[in-house]
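Since the structure comes first, as structure tokens, the remarks are kept for the end.
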Amino acid sequence: MSARVNERWLLILVIGACAVPLLIVALGSFYMRYMADDYCIYMRYLALAEANTATAKPSWVEFVLNGYMNWTGTFSGLAFQGITPRAEWLGLPIMLALSIWALLLYIAIYVLLRRGTAVKENIRLFAAAAAVLLLAAFVRAVPSLHESLFWYTSAAPYTFSLALSTLYVPLILSARKTGVTLILIGLSFFLAGFSFTFTALQIFSLFSFLILSKHKQTRRRLLASLLGALAGAAVLVAAPGNAVRASVANAKPDLLFIIAYLPKIMLNLLDFIIHSALVCIITTFFVFFLLSYYHGMRKSKQILTILIVVALTLGGAAAPFVPVTYVTPTYIPPRTWTASIWAIVCGIAALGYLSALAFRKQEQPLGYLPMHARIIVAILAVGFLLNSLPIALEAVSRQAAYAAAWDERDAYLRSLSGTTELARARSFHGALGREDLTDDPNFWTNVCIARYYNLPAIVSDGQPPFVP
């Protein structure tokens, strides 16, 4: 069996090892049920739909406008939240998002490989392996799968934006002469409306690549993308709902706090990655390192390029924290880490690729992976699988336990629908890090849950909250 055929089987092994935890997480999304804001968003949209039954105006549009005026400026995030499915169908959008993300990553990496490696055979398998590895590393590295993927209200603005942003690579590097610029302006404007964290990462990244790029067409497209992102950011920041939400949260923005607190957040982020996601980071680095060492084309000034990538990675990881620490300077929820984690995963892959070119110096690429390199990649792939599998299974197990308890309570509360008495039910307050029923019928989640089940009021039944 030739080295190239062996390499093909090795890439299939990498794809399989990385795909297993991804498939577990994807299938685990079918255990998603409403949590916290989901009740409120669903009922807010339903109320607008009922109010507009006699009008031609789509209630979905009014939902977005209502949220923009009275709660948050994240217009694109609201657009997805406005189509929140029923509880039993929440997993479908997450499955779709992961599938689209994997496909877009494959396309983006395939385009980059065609430009940056000497590999001629198995290039599609290389792209597929790299795409699945990056996505699996991200899923493994996020601090809370429940907030990043299994909570629809959070996944829509924080994770969907990352998936769609992968379109930048094939669009900016496209050979087409017309139409791409307008598409990029529209894409960057739309992406800016997902969340403040992603908008910060997007502006930082586009501006940095614009400064570094030397290709005229690439610079023109990056500039168009940056202008669209800035326009979207302006619409995002100008929303009247931002002030309403800040007043409800009693947030007091403090610019000096960012300067003092941002280094501490970055240290916490790096400490988390080293202690919780070291295996997936090592795997990502060395798989891309070996790919580049034996396949990548020579580049000049690699040390300077590596230093630039380090700066971009750290900057991309820090940028999403800036608006969060400015608006809410006391707490950084796990869902706001998603953009930073993705920046680090992509940065590690780039560092692995460029470090190999610097290490190889002037040697010509071999064009295939020799036996010792294949053994190393196989060990890394199996190690990644063994490290990621327990994390995925544990997260899905907790989500399944929550779903079972939720379904039981759901059936009970539906049987009480329309009653005129105060309802009492088991609380999930604190389950998966989110709010639920409390002893106060006027607490915001109590109010939303009562409306969802057509009850006058509801409180916890006094039992200890169910926390899987």
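In the structure tokens, chains take letters A, B, ... by order of appearance, with residues numbered from 1 within each chain and ligands from 1 in the order shown.
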
Contacts of A:Ala156 at 7 Å (only C-alpha atoms; same-chain gap of 3+ positions) as a list in words: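 Near A:Ala156, the qualifying residues are Gly77, Phe80, Gln81, Tyr152, Thr153, Thr159 and Phe160 of chain A.
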
Do a neighbour search on A:Leu135 at 12 Å with only C-alpha atoms, toss out local chain neighbours closer than 2 positions, and write the hits as a ChimeraX atom specification. /A:15,18-23,25-26,97-106,128-133,137-142,159,162-163,166,280-281,284,341-343,345-346,349

Just list as number ranges by chain whatever in stretch 321-458 of chain A DSSP marks as helix (DSSP H, G or I). A: 321-327, 334-360, 371-415, 431-433, 444-452

So, counting only C-alpha atoms, which residue among A:Tyr39, A:Tyr412, A:Phe443, A:Phe209 is closest to A:Ile172? A:Phe209

May I ask which of the residues A:Thr438, A:Ser174, A:Ser29, A:Asn122 is the closest one to A:Thr218, counting only C-alpha atoms?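 Checking each of A:Thr438, A:Ser174, A:Ser29, A:Asn122 against A:Thr218, counting only C-alpha atoms, the winner is A:Ser174.
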
Please measure the separation of atom CA of A:Arg409 and atom CA of A:Gly433, giving the value in Å to one decimal. 18.7 Å

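Here atom CA of A:Phe150 and atom CA of A:Ile332 stand 18.5 Å from one another.
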
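With only C-alpha atoms as the atoms that count, the residue of A:Ile303, A:Leu206, A:Leu201, A:Leu269 with the shortest distance to A:Gly316 is A:Leu201.
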
Show me, as a tab-separated table, the residues of stretch 326-416 of chain A having an atom within 10 Å of stretch 452-468 of chain A, each with the closest atom pair and its distance in Å, using only C-alpha atoms.
residue	atom	partner	partner_atom	distance
A:Ala395	CA	A:Pro468	CA	10.0
A:Ser397	CA	A:Pro468	CA	8.6
A:Arg398	CA	A:Pro468	CA	5.4
A:Gln399	CA	A:Pro468	CA	7.7
A:Ala400	CA	A:Pro468	CA	8.9
A:Ala401	CA	A:Pro468	CA	6.1
A:Tyr402	CA	A:Pro468	CA	6.2
A:Ala403	CA	A:Pro468	CA	9.9
A:Ala405	CA	A:Phe466	CA	8.0
A:Trp406	CA	A:Phe466	CA	9.7
A:Asp410	CA	A:Tyr453	CA	8.6
A:Leu413	CA	A:Tyr453	CA	6.5
A:Arg414	CA	A:Tyr453	CA	6.1
A:Ser415	CA	A:Tyr453	CA	9.2
A:Leu416	CA	A:Leu455	CA	7.5

Would you mind listing what lies within 12 Å of A:Val5 as a PDB file with N, CA and C atoms, in the first residue's frame, with only C-alpha atoms counted and same-chain residues fewer than 6 positions away left out?
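The resulting result35.pdb:
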ATOM      1  N   LEU A  11      -6.245  10.224   7.192  1.00  0.00           N
ATOM      2  CA  LEU A  11      -7.152  11.374   7.206  1.00  0.00           C
ATOM      3  C   LEU A  11      -8.574  10.944   7.552  1.00  0.00           C
ATOM      4  N   ILE A  12      -8.980   9.789   7.053  1.00  0.00           N
ATOM      5  CA  ILE A  12     -10.300   9.270   7.404  1.00  0.00           C
ATOM      6  C   ILE A  12     -10.364   8.973   8.902  1.00  0.00           C
ATOM      7  N   GLU A 121      -2.714  15.511  -4.012  1.00  0.00           N
ATOM      8  CA  GLU A 121      -3.665  14.431  -3.813  1.00  0.00           C
ATOM      9  C   GLU A 121      -4.312  14.542  -2.426  1.00  0.00           C
ATOM     10  N   ASN A 122      -5.475  13.980  -2.303  1.00  0.00           N
ATOM     11  CA  ASN A 122      -6.198  13.935  -1.021  1.00  0.00           C
ATOM     12  C   ASN A 122      -6.516  15.324  -0.463  1.00  0.00           C
ATOM     13  N   LEU A 125      -9.779  15.483   1.338  1.00  0.00           N
ATOM     14  CA  LEU A 125      -9.737  14.812   2.636  1.00  0.00           C
ATOM     15  C   LEU A 125      -8.987  15.657   3.658  1.00  0.00           C
ATOM     16  N   TYR A 368       3.969  14.156   0.904  1.00  0.00           N
ATOM     17  CA  TYR A 368       3.144  13.141   1.570  1.00  0.00           C
ATOM     18  C   TYR A 368       3.666  12.975   2.993  1.00  0.00           C
ATOM     19  N   LEU A 369       2.866  12.390   3.856  1.00  0.00           N
ATOM     20  CA  LEU A 369       3.264  12.180   5.247  1.00  0.00           C
ATOM     21  C   LEU A 369       4.016  10.859   5.374  1.00  0.00           C
ATOM     22  N   PRO A 370       5.261  10.876   5.859  1.00  0.00           N
ATOM     23  CA  PRO A 370       5.998   9.627   6.057  1.00  0.00           C
ATOM     24  C   PRO A 370       5.434   8.832   7.242  1.00  0.00           C
ATOM     25  N   MET A 371       5.959   7.647   7.448  1.00  0.00           N
ATOM     26  CA  MET A 371       5.420   6.738   8.451  1.00  0.00           C
ATOM     27  C   MET A 371       5.409   7.352   9.856  1.00  0.00           C
ATOM     28  N   ARG A 374       2.702   9.872  10.203  1.00  0.00           N
ATOM     29  CA  ARG A 374       1.372   9.262  10.255  1.00  0.00           C
ATOM     30  C   ARG A 374       1.090   8.670  11.632  1.00  0.00           C
TER      31      ARG A 374
END

Residue contacts of A:Pro143 (10 Å, only C-alpha atoms) excluding same-chain residues fewer than 5 positions away, as JSON, numbers by chain: {"A": [138, 148, 269, 272, 273, 276, 277, 333, 334, 335, 336, 337, 338, 341]}

Could those residues be written to a file, using N, CA, C and O atoms, as an mmCIF file, in the first residue's frame?
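After the write, out-v1.cif holds the following:
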data_model
loop_
_atom_site.group_PDB
_atom_site.id
_atom_site.type_symbol
_atom_site.label_atom_id
_atom_site.label_comp_id
_atom_site.auth_asym_id
_atom_site.auth_seq_id
_atom_site.Cartn_x
_atom_site.Cartn_y
_atom_site.Cartn_z
ATOM 1 N N PHE A 138 -13.231 23.407 18.912
ATOM 2 C CA PHE A 138 -14.051 24.492 19.467
ATOM 3 C C PHE A 138 -15.087 23.946 20.445
ATOM 4 O O PHE A 138 -15.245 24.456 21.562
ATOM 5 N N SER A 148 -23.369 27.474 25.006
ATOM 6 C CA SER A 148 -22.921 27.747 23.644
ATOM 7 C C SER A 148 -23.756 27.040 22.588
ATOM 8 O O SER A 148 -23.902 27.552 21.471
ATOM 9 N N LEU A 269 -8.722 33.174 30.830
ATOM 10 C CA LEU A 269 -9.017 32.437 29.605
ATOM 11 C C LEU A 269 -7.885 31.473 29.266
ATOM 12 O O LEU A 269 -8.124 30.291 28.980
ATOM 13 N N PHE A 272 -7.766 28.622 31.701
ATOM 14 C CA PHE A 272 -8.835 27.665 31.420
ATOM 15 C C PHE A 272 -8.449 26.742 30.274
ATOM 16 O O PHE A 272 -8.640 25.513 30.343
ATOM 17 N N ILE A 273 -7.905 27.306 29.211
ATOM 18 C CA ILE A 273 -7.529 26.505 28.047
ATOM 19 C C ILE A 273 -6.430 25.512 28.397
ATOM 20 O O ILE A 273 -6.477 24.333 28.013
ATOM 21 N N SER A 276 -8.072 22.887 30.893
ATOM 22 C CA SER A 276 -9.288 22.176 30.500
ATOM 23 C C SER A 276 -9.299 21.712 29.047
ATOM 24 O O SER A 276 -10.070 20.815 28.704
ATOM 25 N N ALA A 277 -8.499 22.317 28.203
ATOM 26 C CA ALA A 277 -8.572 21.974 26.772
ATOM 27 C C ALA A 277 -7.196 21.796 26.151
ATOM 28 O O ALA A 277 -7.023 21.993 24.954
ATOM 29 N N PRO A 333 -20.314 35.865 31.667
ATOM 30 C CA PRO A 333 -20.960 34.552 31.516
ATOM 31 C C PRO A 333 -20.242 33.687 30.487
ATOM 32 O O PRO A 333 -19.636 34.210 29.541
ATOM 33 N N PRO A 334 -20.315 32.363 30.634
ATOM 34 C CA PRO A 334 -19.591 31.457 29.729
ATOM 35 C C PRO A 334 -19.941 31.643 28.256
ATOM 36 O O PRO A 334 -19.083 31.444 27.393
ATOM 37 N N ARG A 335 -21.197 32.016 27.949
ATOM 38 C CA ARG A 335 -21.587 32.145 26.540
ATOM 39 C C ARG A 335 -20.814 33.244 25.820
ATOM 40 O O ARG A 335 -20.674 33.209 24.606
ATOM 41 N N THR A 336 -20.315 34.235 26.564
ATOM 42 C CA THR A 336 -19.565 35.318 25.927
ATOM 43 C C THR A 336 -18.128 34.920 25.617
ATOM 44 O O THR A 336 -17.392 35.700 25.023
ATOM 45 N N TRP A 337 -17.722 33.715 26.003
ATOM 46 C CA TRP A 337 -16.377 33.234 25.705
ATOM 47 C C TRP A 337 -16.293 32.615 24.309
ATOM 48 O O TRP A 337 -15.199 32.336 23.824
ATOM 49 N N THR A 338 -17.413 32.356 23.659
ATOM 50 C CA THR A 338 -17.401 31.568 22.426
ATOM 51 C C THR A 338 -16.535 32.195 21.335
ATOM 52 O O THR A 338 -15.748 31.504 20.691
ATOM 53 N N ILE A 341 -12.825 31.855 22.259
ATOM 54 C CA ILE A 341 -12.358 30.478 22.104
ATOM 55 C C ILE A 341 -12.128 30.157 20.631
ATOM 56 O O ILE A 341 -11.125 29.539 20.256
#

Minimum-distance residue to A:Leu278, chosen among A:Ser427, A:Thr84, A:Ser388, A:Ser154 (using only C-alpha atoms):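 Smallest separation from A:Leu278 among the options: A:Ser388.
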